[in-house]
Structures are given as structure tokens and as C-alpha cells.
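**Q** My structure file input.csv, CSV, C-alpha atoms, is below:
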chain,number,residue,atom,x,y,z
A,1,MET,CA,1.5,-4.2,-19.4
A,2,GLY,CA,0.7,-3.7,-23.1
A,3,ASP,CA,0.6,-7.5,-23.7
A,4,ARG,CA,-1.8,-8.0,-20.7
A,5,ILE,CA,-4.1,-5.2,-21.9
A,6,ALA,CA,-4.2,-6.6,-25.4
A,7,GLU,CA,-4.9,-10.1,-24.2
A,8,LEU,CA,-7.8,-9.1,-22.0
A,9,ARG,CA,-9.2,-6.7,-24.7
A,10,LEU,CA,-9.4,-9.5,-27.2
A,11,ARG,CA,-11.0,-11.8,-24.6
A,12,ARG,CA,-13.6,-9.2,-24.0
A,13,GLY,CA,-14.2,-8.8,-27.7
A,14,LEU,CA,-13.2,-5.2,-27.8
A,15,SER,CA,-11.4,-3.2,-30.4
A,16,GLN,CA,-8.8,-0.6,-29.3
A,17,GLU,CA,-11.4,2.1,-30.0
A,18,GLY,CA,-14.0,0.2,-28.0
A,19,LEU,CA,-11.7,-0.2,-25.0
A,20,ALA,CA,-10.7,3.5,-25.1
A,21,ASP,CA,-14.3,4.5,-25.2
A,22,LYS,CA,-15.3,2.2,-22.3
A,23,ALA,CA,-12.3,3.4,-20.2
A,24,GLY,CA,-12.8,7.1,-21.0
A,25,LEU,CA,-9.3,7.3,-22.6
A,26,SER,CA,-7.9,8.3,-25.9
A,27,VAL,CA,-7.4,5.5,-28.3
A,28,ASP,CA,-3.8,6.8,-28.7
A,29,VAL,CA,-3.1,5.9,-25.1
A,30,VAL,CA,-4.4,2.3,-25.6
A,31,ARG,CA,-2.5,1.9,-28.9
A,32,LYS,CA,0.8,3.1,-27.5
A,33,LEU,CA,0.5,0.9,-24.4
A,34,GLU,CA,-0.3,-2.2,-26.5
A,35,GLN,CA,2.5,-1.5,-28.9
A,36,GLY,CA,5.0,-1.0,-26.1
A,37,ARG,CA,5.7,2.6,-27.1
A,38,ARG,CA,4.6,3.4,-23.6
A,39,THR,CA,5.4,0.9,-20.8
A,40,SER,CA,3.9,2.8,-17.9
A,41,ALA,CA,0.7,4.9,-17.2
A,42,ARG,CA,-0.7,7.0,-14.5
A,43,LEU,CA,-2.6,5.1,-11.9
A,44,THR,CA,-5.8,6.9,-12.9
A,45,THR,CA,-5.3,5.4,-16.4
A,46,VAL,CA,-4.5,1.9,-15.0
A,47,ASN,CA,-7.6,2.0,-12.8
A,48,ALA,CA,-9.8,3.1,-15.8
A,49,LEU,CA,-8.4,0.3,-17.9
A,50,ALA,CA,-8.9,-2.3,-15.1
A,51,ARG,CA,-12.5,-1.3,-14.7
A,52,ALA,CA,-13.1,-1.5,-18.4
A,53,LEU,CA,-11.4,-4.9,-18.7
A,54,ASP,CA,-13.0,-6.2,-15.5
A,55,THR,CA,-9.7,-7.1,-13.8
A,56,GLU,CA,-7.5,-6.0,-10.9
A,57,PRO,CA,-5.1,-3.1,-11.4
A,58,SER,CA,-2.4,-5.4,-10.0
A,59,PHE,CA,-2.8,-7.8,-13.0
A,60,LEU,CA,-2.2,-5.0,-15.5
A,61,VAL,CA,0.9,-3.6,-13.8
A,62,GLY,CA,2.3,-7.1,-13.2
A,63,GLN,CA,3.4,-6.5,-9.6
A,64,PRO,CA,5.3,-9.4,-7.9
A,65,SER,CA,2.9,-12.0,-6.6
A,66,THR,CA,5.1,-13.9,-4.2
A,67,PHE,CA,7.9,-13.3,-1.7
A,68,GLU,CA,11.3,-13.3,-3.4
A,69,GLY,CA,13.9,-12.4,-0.8
A,70,SER,CA,17.1,-11.7,-2.8
A,71,HIS,CA,19.4,-13.3,-0.2
A,72,ALA,CA,17.3,-16.3,0.8
A,73,VAL,CA,17.8,-19.8,-0.7
A,74,GLU,CA,14.6,-21.1,-2.3
A,75,SER,CA,13.7,-23.6,0.4
A,76,ASP,CA,13.8,-20.8,3.0
A,77,LEU,CA,11.5,-18.4,1.1
A,78,PRO,CA,8.4,-17.4,3.1
A,79,SER,CA,5.3,-18.7,1.6
A,80,VAL,CA,2.2,-16.8,0.4
A,81,LEU,CA,0.4,-20.1,1.0
A,82,ALA,CA,1.5,-20.0,4.7
A,83,LEU,CA,-0.1,-16.6,5.0
A,84,ARG,CA,-3.3,-17.7,3.3
A,85,GLN,CA,-3.4,-20.7,5.7
A,86,ALA,CA,-3.0,-18.5,8.7
A,87,VAL,CA,-5.8,-16.1,7.6
A,88,SER,CA,-8.2,-18.9,6.6
A,89,PRO,CA,-7.2,-22.1,8.4
A,90,LEU,CA,-9.0,-25.4,7.6
A,91,THR,CA,-9.8,-25.8,11.3
A,92,ASP,CA,-12.3,-23.0,11.1
A,93,LEU,CA,-14.4,-25.2,8.8
A,94,MET,CA,-13.7,-28.7,10.0
A,95,GLY,CA,-12.4,-28.4,13.5
A,96,GLY,CA,-9.1,-29.9,14.7
A,97,GLU,CA,-7.0,-30.9,17.6
A,98,ALA,CA,-6.2,-28.4,20.4
A,99,ASP,CA,-2.8,-26.7,20.2
A,100,PRO,CA,-0.5,-28.8,22.5
A,101,GLU,CA,1.6,-25.7,23.4
A,102,GLU,CA,0.8,-23.2,26.1
A,103,PRO,CA,-0.6,-19.9,24.5
A,104,PRO,CA,1.8,-17.0,24.6
A,105,SER,CA,1.4,-14.3,27.2
A,106,ILE,CA,-0.3,-11.0,26.3
A,107,ALA,CA,3.0,-9.2,26.8
A,108,ASP,CA,4.7,-11.6,24.4
A,109,LEU,CA,2.0,-11.2,21.8
A,110,GLN,CA,2.2,-7.4,22.0
A,111,ALA,CA,6.0,-7.4,21.8
A,112,SER,CA,5.8,-9.7,18.7
A,113,LEU,CA,3.2,-7.3,17.1
A,114,ALA,CA,5.4,-4.3,17.8
A,115,SER,CA,8.5,-5.9,16.2
A,116,THR,CA,6.4,-6.9,13.2
A,117,GLU,CA,5.3,-3.3,12.8
A,118,VAL,CA,8.9,-2.1,12.8
A,119,ILE,CA,9.7,-4.6,10.1
A,120,ARG,CA,6.7,-3.4,8.1
A,121,ARG,CA,7.7,0.2,8.3
A,122,GLU,CA,11.2,-0.7,7.1
A,123,GLY,CA,9.7,-2.6,4.1
A,124,ARG,CA,11.4,-5.9,5.0
A,125,MET,CA,8.7,-8.0,3.1
A,126,GLY,CA,10.4,-11.3,3.4
A,127,GLU,CA,10.6,-11.1,7.2
A,128,ILE,CA,6.9,-10.1,7.4
A,129,GLY,CA,6.0,-13.1,5.3
A,130,SER,CA,8.0,-15.4,7.7
A,131,LEU,CA,6.8,-14.0,11.0
A,132,LEU,CA,3.3,-13.0,10.4
A,133,PRO,CA,1.6,-16.4,10.0
A,134,GLN,CA,3.0,-17.5,13.4
A,135,LEU,CA,1.9,-14.3,15.0
A,136,ILE,CA,-1.7,-14.8,13.7
A,137,ARG,CA,-1.7,-18.4,15.0
A,138,ASP,CA,-0.3,-17.3,18.4
A,139,ALA,CA,-3.0,-14.6,18.7
A,140,ARG,CA,-5.7,-17.0,17.8
A,141,ALA,CA,-4.5,-19.5,20.4
A,142,ALA,CA,-4.5,-16.8,23.0
A,143,VAL,CA,-8.0,-15.7,22.1
A,144,HIS,CA,-9.3,-19.3,22.6
A,145,ALA,CA,-7.3,-19.8,25.8
A,146,TYR,CA,-8.0,-16.6,27.7
A,147,THR,CA,-11.1,-14.9,29.1
A,148,GLY,CA,-12.0,-11.4,30.1
A,149,VAL,CA,-9.5,-8.6,29.8
A,150,ASP,CA,-6.8,-10.9,28.5
A,151,ALA,CA,-9.0,-12.3,25.7
A,152,ALA,CA,-9.9,-8.7,24.7
A,153,ALA,CA,-6.2,-7.8,24.5
A,154,ALA,CA,-5.5,-10.9,22.4
A,155,GLN,CA,-8.3,-9.9,20.1
A,156,SER,CA,-6.7,-6.5,19.7
A,157,VAL,CA,-3.4,-8.0,18.6
A,158,LEU,CA,-5.2,-10.4,16.3
A,159,ALA,CA,-7.2,-7.6,14.7
A,160,VAL,CA,-4.0,-5.6,13.9
A,161,ALA,CA,-2.1,-8.7,12.7
A,162,TYR,CA,-4.9,-9.5,10.2
A,163,GLN,CA,-4.6,-5.9,8.9
A,164,VAL,CA,-0.9,-6.3,8.4
A,165,ALA,CA,-1.7,-9.5,6.5
A,166,ALA,CA,-4.2,-7.6,4.4
A,167,THR,CA,-1.7,-5.0,3.4
A,168,THR,CA,1.0,-7.6,2.7
A,169,LEU,CA,-1.3,-9.7,0.6
A,170,THR,CA,-2.5,-6.6,-1.3
A,171,ALA,CA,1.1,-5.6,-2.0
A,172,LEU,CA,1.5,-9.1,-3.6
A,173,GLY,CA,-1.7,-8.7,-5.7
A,174,LYS,CA,-3.7,-11.2,-3.6
A,175,GLU,CA,-6.6,-8.8,-3.0
A,176,ASP,CA,-9.2,-11.6,-2.5
A,177,ALA,CA,-7.2,-13.0,0.5
A,178,ALA,CA,-6.6,-9.4,1.7
A,179,PHE,CA,-10.4,-8.8,1.9
A,180,THR,CA,-10.8,-12.0,3.9
A,181,ALA,CA,-8.2,-10.8,6.3
A,182,MET,CA,-10.0,-7.6,6.7
A,183,GLU,CA,-13.3,-9.4,7.4
A,184,ARG,CA,-11.5,-11.4,10.2
A,185,SER,CA,-10.0,-8.2,11.5
A,186,TRP,CA,-13.4,-6.6,11.9
A,187,ALA,CA,-14.7,-9.7,13.7
A,188,ALA,CA,-11.8,-9.5,16.1
A,189,ILE,CA,-12.4,-5.7,16.7
A,190,ARG,CA,-15.9,-6.4,17.8
A,191,CYS,CA,-14.5,-8.5,20.7
A,192,CYS,CA,-11.7,-6.2,21.8
A,193,ASP,CA,-11.3,-3.2,24.0
A,194,ASP,CA,-9.6,-0.7,21.6
A,195,PRO,CA,-12.0,1.9,20.1
A,196,ASP,CA,-9.3,3.2,17.7
A,197,LEU,CA,-9.0,-0.2,15.9
A,198,GLU,CA,-12.2,0.3,13.9
A,199,THR,CA,-10.7,3.6,12.6
A,200,LEU,CA,-7.5,1.8,11.7
A,201,ALA,CA,-9.5,-0.9,10.0
A,202,ALA,CA,-11.4,1.7,7.9
A,203,SER,CA,-8.1,3.2,6.8
A,204,THR,CA,-6.7,-0.2,5.9
A,205,LEU,CA,-9.8,-1.3,4.0
A,206,SER,CA,-9.8,2.0,2.1
A,207,TRP,CA,-6.2,1.3,1.0
A,208,VAL,CA,-7.1,-2.3,0.0
A,209,PHE,CA,-10.1,-1.0,-2.0
A,210,THR,CA,-7.8,1.6,-3.7
A,211,LYS,CA,-5.4,-1.1,-4.7
A,212,GLN,CA,-8.3,-3.2,-6.1
A,213,GLY,CA,-9.5,-0.3,-8.2
A,214,ARG,CA,-12.6,0.0,-6.1
A,215,LEU,CA,-12.1,3.7,-5.8
A,216,GLU,CA,-15.6,4.8,-4.9
A,217,ASP,CA,-15.8,2.2,-2.1
A,218,ALA,CA,-12.3,3.3,-0.9
A,219,GLU,CA,-13.4,6.9,-0.7
A,220,ARG,CA,-16.7,6.1,0.9
A,221,VAL,CA,-15.4,3.8,3.7
A,222,ALA,CA,-12.8,6.5,4.7
A,223,LEU,CA,-15.2,9.4,4.6
A,224,ILE,CA,-17.9,7.6,6.6
A,225,ARG,CA,-15.5,6.7,9.4
A,226,ALA,CA,-14.0,10.2,9.3
A,227,GLU,CA,-17.4,11.8,9.8
A,228,GLN,CA,-18.0,9.4,12.8
A,229,ILE,CA,-14.8,10.4,14.6
A,230,GLU,CA,-14.5,14.1,13.5
A,231,PRO,CA,-12.5,15.8,16.2
A,232,GLY,CA,-13.3,18.8,18.3
A,233,PHE,CA,-11.2,21.7,19.7
A,234,ARG,CA,-9.9,19.6,22.6
A,235,SER,CA,-9.1,16.5,20.7
A,236,SER,CA,-5.8,14.8,21.4
A,237,PRO,CA,-3.0,14.6,18.8
A,238,ARG,CA,-3.8,10.9,18.4
A,239,ASP,CA,-7.5,11.6,17.5
A,240,LEU,CA,-6.4,14.3,15.0
A,241,ALA,CA,-3.9,11.9,13.5
A,242,LEU,CA,-6.5,9.1,13.1
A,243,TRP,CA,-8.9,11.5,11.4
A,244,GLY,CA,-6.2,13.0,9.2
A,245,VAL,CA,-5.1,9.6,8.0
A,246,LEU,CA,-8.7,8.8,6.9
A,247,LEU,CA,-8.9,12.2,5.0
A,248,LEU,CA,-5.7,11.3,3.1
A,249,ARG,CA,-7.1,7.8,2.3
A,250,ALA,CA,-10.3,9.4,0.9
A,251,ALA,CA,-8.3,12.0,-1.0
A,252,THR,CA,-6.0,9.3,-2.6
A,253,ALA,CA,-9.1,7.5,-3.9
A,254,GLY,CA,-10.6,10.7,-5.1
A,255,VAL,CA,-7.6,12.0,-7.0
A,256,ARG,CA,-7.4,8.6,-8.8
A,257,GLN,CA,-10.9,9.3,-10.0
A,258,GLU,CA,-9.7,12.7,-11.1
A,259,ARG,CA,-11.9,14.4,-8.6
A,260,GLN,CA,-11.1,17.7,-6.8
A,261,VAL,CA,-9.6,16.8,-3.4
A,262,SER,CA,-8.3,20.2,-2.2
A,263,ASP,CA,-10.9,20.4,0.6
A,264,LEU,CA,-9.9,17.0,2.0
A,265,LEU,CA,-6.2,17.9,1.7
A,266,ASN,CA,-6.7,21.3,3.4
A,267,MET,CA,-8.6,19.7,6.3
A,268,ALA,CA,-5.8,17.1,6.7
A,269,THR,CA,-3.2,19.8,6.5
A,270,GLY,CA,-5.0,21.7,9.2
A,271,ALA,CA,-5.2,18.6,11.4
A,272,ALA,CA,-1.5,18.1,10.9
A,273,ALA,CA,-0.7,21.7,11.8
A,274,GLY,CA,-2.8,21.2,15.0
A,275,ILE,CA,-0.5,18.3,16.0
A,276,GLY,CA,2.6,20.3,15.2
A,277,GLU,CA,4.9,17.2,14.5
A,278,ASP,CA,4.3,13.8,13.0
A,279,VAL,CA,3.1,11.1,15.4
A,280,MET,CA,2.9,7.4,14.9
A,281,VAL,CA,-0.5,5.8,15.1
A,282,TYR,CA,0.1,2.0,15.0
A,283,ALA,CA,2.4,1.8,12.0
A,284,THR,CA,1.2,4.9,10.2
A,285,PRO,CA,2.7,8.4,10.7
A,286,PHE,CA,0.7,11.6,10.5
A,287,GLY,CA,1.6,15.2,10.8
A,288,PRO,CA,3.0,18.1,8.8
A,289,THR,CA,5.6,15.9,7.1
A,290,ASN,CA,3.2,13.2,5.9
A,291,ALA,CA,0.6,15.7,4.9
A,292,GLY,CA,3.3,17.4,2.8
A,293,VAL,CA,4.3,14.1,1.2
A,294,ALA,CA,0.7,13.4,0.4
A,295,LYS,CA,0.4,16.8,-1.3
A,296,VAL,CA,3.3,15.9,-3.6
A,297,ASN,CA,1.7,12.5,-4.4
A,298,PHE,CA,-1.5,14.2,-5.4
A,299,LEU,CA,0.3,16.7,-7.6
A,300,VAL,CA,2.1,13.8,-9.3
A,301,GLU,CA,-1.2,12.0,-9.9
A,302,LEU,CA,-2.6,15.1,-11.5
A,303,GLU,CA,0.5,15.4,-13.7
A,304,ARG,CA,1.3,18.8,-12.2
A,305,SER,CA,5.0,17.8,-12.2
A,306,ASP,CA,6.6,21.3,-11.9
A,307,GLU,CA,4.4,22.0,-8.8
A,308,ALA,CA,5.2,18.6,-7.4
A,309,ILE,CA,8.9,19.2,-7.6
A,310,ARG,CA,8.6,22.6,-5.9
A,311,ALA,CA,6.3,21.2,-3.2
A,312,ALA,CA,8.8,18.4,-2.6
A,313,ARG,CA,11.5,20.9,-1.7
A,314,THR,CA,9.4,22.3,1.1
A,315,VAL,CA,8.4,19.1,2.9
A,316,PRO,CA,9.7,19.4,6.5
A,317,GLY,CA,11.3,16.7,8.6
A,318,LEU,CA,11.6,13.9,6.1
A,319,ASP,CA,14.0,12.0,8.4
A,320,SER,CA,11.2,11.6,10.9
A,321,LEU,CA,9.2,9.3,8.5
A,322,PRO,CA,9.7,5.6,8.4
A,323,PRO,CA,11.9,4.3,5.5
A,324,THR,CA,9.0,3.1,3.4
A,325,TRP,CA,7.2,6.5,3.6
A,326,ARG,CA,10.5,8.2,2.6
A,327,ALA,CA,10.9,5.8,-0.3
A,328,ARG,CA,7.4,6.4,-1.6
A,329,PHE,CA,8.1,10.2,-1.5
A,330,HIS,CA,11.3,9.7,-3.5
A,331,VAL,CA,9.5,7.6,-6.1
A,332,ASP,CA,6.9,10.4,-6.5
A,333,ARG,CA,9.8,12.8,-7.1
A,334,ALA,CA,11.2,10.4,-9.6
A,335,LEU,CA,7.9,10.3,-11.5
A,336,ALA,CA,7.7,14.0,-11.6
A,337,TYR,CA,11.2,14.3,-12.9
A,338,SER,CA,10.6,11.6,-15.5
A,339,ASP,CA,7.5,13.5,-16.7
A,340,LEU,CA,9.7,16.6,-17.1
A,341,ASP,CA,12.2,14.5,-19.2
A,342,ASN,CA,14.9,14.8,-16.5
A,343,ASP,CA,16.0,11.2,-16.4
A,344,ALA,CA,19.2,11.9,-14.4
A,345,ALA,CA,17.2,13.5,-11.6
A,346,ALA,CA,14.6,10.7,-11.7
A,347,THR,CA,17.3,8.1,-11.4
A,348,ARG,CA,18.9,9.9,-8.4
A,349,ALA,CA,15.5,10.0,-6.7
A,350,LEU,CA,15.0,6.3,-7.3
A,351,LEU,CA,18.4,5.6,-5.9
A,352,SER,CA,17.4,7.5,-2.8
A,353,ALA,CA,14.3,5.4,-2.5
A,354,GLU,CA,16.4,2.2,-2.8
A,355,HIS,CA,18.7,3.5,-0.1
A,356,ASP,CA,15.8,4.0,2.3
A,357,ALA,CA,13.9,0.7,1.5
A,358,PRO,CA,15.7,-1.6,-0.9
A,359,GLU,CA,13.5,-4.7,-0.3
A,360,TRP,CA,10.3,-2.7,-0.6
A,361,MET,CA,11.5,-1.4,-4.0
A,362,SER,CA,11.5,-4.9,-5.3
A,363,TYR,CA,7.7,-5.2,-4.7
A,364,HIS,CA,6.6,-1.7,-5.6
A,365,SER,CA,5.0,-1.9,-9.0
A,366,THR,CA,5.3,1.8,-9.8
A,367,SER,CA,9.0,1.8,-9.0
A,368,ARG,CA,9.6,-1.2,-11.2
A,369,ARG,CA,7.7,0.3,-14.1
A,370,LEU,CA,9.5,3.6,-13.9
A,371,VAL,CA,12.9,1.8,-13.7
A,372,GLU,CA,12.0,-0.2,-16.8
A,373,ASP,CA,11.1,3.1,-18.6
A,374,LEU,CA,14.3,4.8,-17.6
A,375,ARG,CA,16.3,1.7,-18.5
A,376,GLY,CA,14.8,1.7,-22.0
A,377,ARG,CA,15.9,5.3,-22.5
A,378,ALA,CA,19.4,5.0,-21.0
A,379,ARG,CA,22.1,6.0,-23.5
A,380,ARG,CA,25.2,4.7,-21.7
A,381,ARG,CA,26.0,1.2,-20.8
A,382,ASP,CA,27.2,2.2,-17.4
A,383,ALA,CA,24.1,4.3,-16.6
A,384,PRO,CA,23.2,3.9,-12.9
A,385,VAL,CA,19.6,2.9,-13.8
A,386,LEU,CA,20.9,-0.3,-15.5
A,387,ALA,CA,22.5,-1.5,-12.3
A,388,LEU,CA,19.4,-0.5,-10.4
A,389,ALA,CA,17.2,-2.6,-12.8
A,390,ASP,CA,19.6,-5.5,-12.2
A,391,ARG,CA,19.2,-5.2,-8.5
A,392,LEU,CA,15.4,-5.2,-8.8
A,393,GLY,CA,15.6,-8.3,-11.0
A,394,LEU,CA,14.3,-6.6,-14.1
A,395,ASN,CA,17.1,-7.9,-16.3
A,396,ARG,CA,16.5,-11.5,-15.7
I need this file expressed as C-alpha cells, please.

**A**
Amino acid sequence: MGDRIAELRLRRGLSQEGLADKAGLSVDVVRKLEQGRRTSARLTTVNALARALDTEPSFLVGQPSTFEGSHAVESDLPSVLALRQAVSPLTDLMGGEADPEEPPSIADLQASLASTEVIRREGRMGEIGSLLPQLIRDARAAVHAYTGVDAAAAQSVLAVAYQVAATTLTALGKEDAAFTAMERSWAAIRCCDDPDLETLAASTLSWVFTKQGRLEDAERVALIRAEQIEPGFRSSPRDLALWGVLLLRAATAGVRQERQVSDLLNMATGAAAGIGEDVMVYATPFGPTNAGVAKVNFLVELERSDEAIRAARTVPGLDSLPPTWRARFHVDRALAYSDLDNDAAATRALLSAEHDAPEWMSYHSTSRRLVEDLRGRARRRDAPVLALADRLGLNR
């Protein structure tokens, strides 16, 4: 990361002092990052540097930019290009021949989407990259072939598939293509019959904006939609969950701007308590467990590591969360332990994350940066973190 910061700083004609001033950071932080004395930084710092250098946070942290399934031969690797082509096909601009195959039935489309969401929750990135382009093509074919209720149902599947594409592309640092996928998702939503999909789209777009470093936009899009759907006393658990997810999205963007987000977290926690247990809305869980996990994340972001560790011990029902959510939680615990100079506990937490979602770990930039830090501080040649670094491809 230090090399990338230095390269962009010089291109922008900035001194280390000038960059620090523009980003609102101490020059010591910039200097240590560039010199490699620090190899990781808080996301608030990464976002501030990205804004000052006019780049994407994903460029600075160096997250993986393609699918790299560790057990696949090279010719079988799913292609980012295939996903781009599915999201933005040439036929939209120049036309083309009709699909010679019969479109899939609505039941088949919905089953394919459901299986894709399971794969996504488990963090099996390579499989998502392989299956998602065909799902988008199938849903588009159904939209063009059907009318009435069936066409609306096909649009619903297409809208969600585009959002899965957006989150996948964002995870690979392809935020431009992710935004295109979100535009297409919103267009499909206007033609479908599911009123909750606009809320889901607002949540997804907020997450994409957060990953882009567009934190004010991320906060705004989540809050606007949250105000539009604010639940009442008789609202269903599903309505409470959709609202609560938006509050957590807004809080995530707010905390990375170092804003006070306790009101948003309290409202989300209240909504979670009203539900009583975590429910799954599309591929996103919400309830007391996820609200507790979010609180730990915010405490880590604010560098209140002692509080984060204590809060982590009180999160109920972790086994109810999907594997990727549990893995994120363990990574937050690892960050807190690392901040407290407890490298052994940090490594154990990372190994728990790997156990829950091993392939997801290979793409998660924060996990990779933390493993690199711990590897650099390891004192024994047989330290578990060295083997973990090797499994993540960091020793190549």
C-alpha cells in the first residue's frame, strides 16, 4: 500500500506533508505507510487517502482483481470479462440474433437465483463468477420472451442477479462495472412486482458507494430509503429487517467518516429486538445477532478495541449467521486483538474466519492486510500465521 500511495502522491505533485494536510491525517501516518513501517491502516484512513489522491480505496489496499480459485486449472477459471459481458452485452447497443433456446421457466429461474444466494452467503466466489453470467443471460431471455405476471417475475430475478453482480464486481475492485449493474438492477425493479427490491437496491448501492469511498453518498442513499419505509407498531419482521439493514448501511458509512452513529445503531438494535431473532431477507440476515456483530465492527473502526473484544463476547447466536458474516465478525475480533498487541489471539480469530469462509478470505482485502502484518511480526518459523499466509497466496 505504501508504494501505491507514494506513486500517486508523486503523480499529483504532493509532498508527504501536502498529502497529510489534504487527507486530514498526520504526516507521520503517511510517512510510515510509504516507508513500509506500517503495512495496514484503518478504513477511515484509507478512505481519506483515496479522496486526497483521487483514486478508489480498492486500488490503495490492493485487493484481488480477478477470480483465482485455488483448486481450478487456469483454463477453467471464471472470467471477470464474462461477468462484464453479461452486465453490459454488446447486443444492447447493436442488436443481435434471437436466442435459439427456449427461455427457462420462472420456477427454474427462481431456483437458480436461490442457489446462487446460498453460494454467495458461503463466500464461494469462484462459483459465483461461473454461474452468475448465465443466470443474468437466462433472466434477460425470460424478460424478452414472457409477458404479464411472468415477465414481472423474470424482472425480479434479473434485478437481484444484477445486484449480486454488483457486489461481486465491487469485491474485485471493479466499482465502475458494479455501478452499471446497479443501474440495470434499478431499471428491472421498475418493471417488476416486488416493492421490497427497491429497498434491497438502496442497501446494495450504499454498500457499493462505501467500497468506492463515496461515503456521503452511501449514507444518504441508505437514509433516504430508510425514511421512506420507516416501520410502524404493526410492521412485520421482514419490514423491520429491511429498515434495520438500511440503518446499519448508513451507520457503516458514517463511522468511516468518523461521525457519531450511536443513534442509528440504537434504532437498528431496537428493530432487531422487535424481531427477536435473526431473519434472512434475500441474502442478508438481520436481527439481534447481526446488530451485535455490527456494533463490534463500529467499535473496531473507532479503535475502541477493548470495548470491541468485550462486546464480541456478548453477541448471541453466532451459529445462525451465514459463513461470510461469521468470518467478517472473526476478522473484526482479529483487528481488535492486533491493535492490543495480542498477535496469538488475532491469529486464532483469523483461523476461525478461514474455517468459516476459506475462499472469501482470499478476496477480503482487510484480512489479507492483517495476515501480512502478523506474518511480518511472527517470531517462529512454524507460526500458524505463516501457513495461513501461504494458503492465502501471500508468500508467492

**Q** Which residues are close to Arg4 in chain A, i.e. within 12 Å by all atoms listed in the file, leaving aside same-chain residues fewer than 5 positions away? Reply as a compact mmCIF listing (two decimals) with C-alpha atoms, in the coordinates of the input.

**A**
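Written file, result-v8.txt:
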# COMPACT_ATOMS: atom_id res chain seq x y z
CA ARG A 9 -9.20 -6.70 -24.70
CA LEU A 10 -9.40 -9.50 -27.20
CA ARG A 11 -11.00 -11.80 -24.60
CA VAL A 30 -4.40 2.30 -25.60
CA LEU A 33 0.50 0.90 -24.40
CA GLU A 34 -0.30 -2.20 -26.50
CA GLN A 35 2.50 -1.50 -28.90
CA GLY A 36 5.00 -1.00 -26.10
CA THR A 39 5.40 0.90 -20.80
CA VAL A 46 -4.50 1.90 -15.00
CA LEU A 49 -8.40 0.30 -17.90
CA ALA A 50 -8.90 -2.30 -15.10
CA LEU A 53 -11.40 -4.90 -18.70
CA THR A 55 -9.70 -7.10 -13.80
CA GLU A 56 -7.50 -6.00 -10.90
CA PRO A 57 -5.10 -3.10 -11.40
CA SER A 58 -2.40 -5.40 -10.00
CA PHE A 59 -2.80 -7.80 -13.00
CA LEU A 60 -2.20 -5.00 -15.50
CA VAL A 61 0.90 -3.60 -13.80
CA GLY A 62 2.30 -7.10 -13.20

**Q** Find the distance between CA of Gln110 in chain A and CA of Ser79 in chain A and write it in Å to one decimal.

**A**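 CA of Ser79 in chain A lies 23.5 Å from CA of Gln110 in chain A.
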
**Q** What's the 7 Å shell around range 283-291 of chain A, counting all atoms listed in the file, without same-chain residues fewer than 4 positions away, as a list in words?

**A**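 So, after excluding close chain neighbours, the residues are Glu117, Arg121, Ala241, Val245, Ala268, Thr269, Ala272, Ala273, Ile275, Gly276, Glu277, Asp278, Val279, Lys295, Val315, Pro316, Gly317, Leu318 and Leu321 of chain A.
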
**Q** From the options A:Asp3, A:Glu198, A:Glu303, A:Glu359, which residue's atoms come nearest to Leu335 in chain A, counting all atoms listed in the file?

**A** A:Glu303

**Q** To one decimal in Å, tell me the separation between CA of Tyr162 in chain A and CA of Leu81 in chain A.

**A**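 Result for CA of Tyr162 in chain A versus CA of Leu81 in chain A: 15.0 Å, one decimal.
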
**Q** Counting all atoms listed in the file, which residue out of A:Ala154, A:Leu215, A:Leu246, A:Ala139 sits closest to Arg259 in chain A?

**A**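 Distance minimum relative to Arg259 in chain A lands on A:Leu215.
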
**Q** Choose the residue, out of A:Ala86, A:Asp382, A:Met125, A:Met361, that has the smallest atom-to-atom separation from Asp138 in chain A; count all atoms listed in the file.

**A**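 For Asp138 in chain A, the nearest of the candidates is A:Ala86.
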
**Q** May I ask for the distance between CA of Ala107 in chain A and CA of Ser156 in chain A, given in Å to one decimal place?

**A**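 Taking CA of Ala107 in chain A and CA of Ser156 in chain A, their separation equals 12.3 Å.
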
**Q** Between A:Asp196, A:Asp341, A:Glu219, A:Asp92, which has the minimum distance to Tyr282 in chain A (counting all atoms listed in the file)?

**A**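 Nearest candidate to Tyr282 in chain A out of A:Asp196, A:Asp341, A:Glu219, A:Asp92: A:Asp196.
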
**Q** Would you be able to write out as a PyMOL selection string which residues have an atom within 12 Å of (-1.2, 19.3, -5.1) in the file's coordinates, counting all atoms listed in the file?

**A** chain A and resi 251-252+255+260-266+269+291-312

**Q** I'd like the contact shell of Gln155 in chain A - 8 Å cut-off, all atoms listed in the file, skipping same-chain residues fewer than 4 positions apart - returned as a CSV table (one decimal) with C-alpha atoms, keeping the file's coordinate frame.

**A**
chain,number,residue,atom,x,y,z
A,139,ALA,CA,-3.0,-14.6,18.7
A,140,ARG,CA,-5.7,-17.0,17.8
A,143,VAL,CA,-8.0,-15.7,22.1
A,151,ALA,CA,-9.0,-12.3,25.7
A,159,ALA,CA,-7.2,-7.6,14.7
A,188,ALA,CA,-11.8,-9.5,16.1
A,189,ILE,CA,-12.4,-5.7,16.7
A,191,CYS,CA,-14.5,-8.5,20.7
A,192,CYS,CA,-11.7,-6.2,21.8

**Q** With distances taken over all atoms listed in the file, which residue among A:Leu374, A:Ala202, A:Ala177, A:Ala327 lies nearest Thr347 in chain A?

**A**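 The shortest atom-to-atom distance to Thr347 in chain A comes from A:Leu374.
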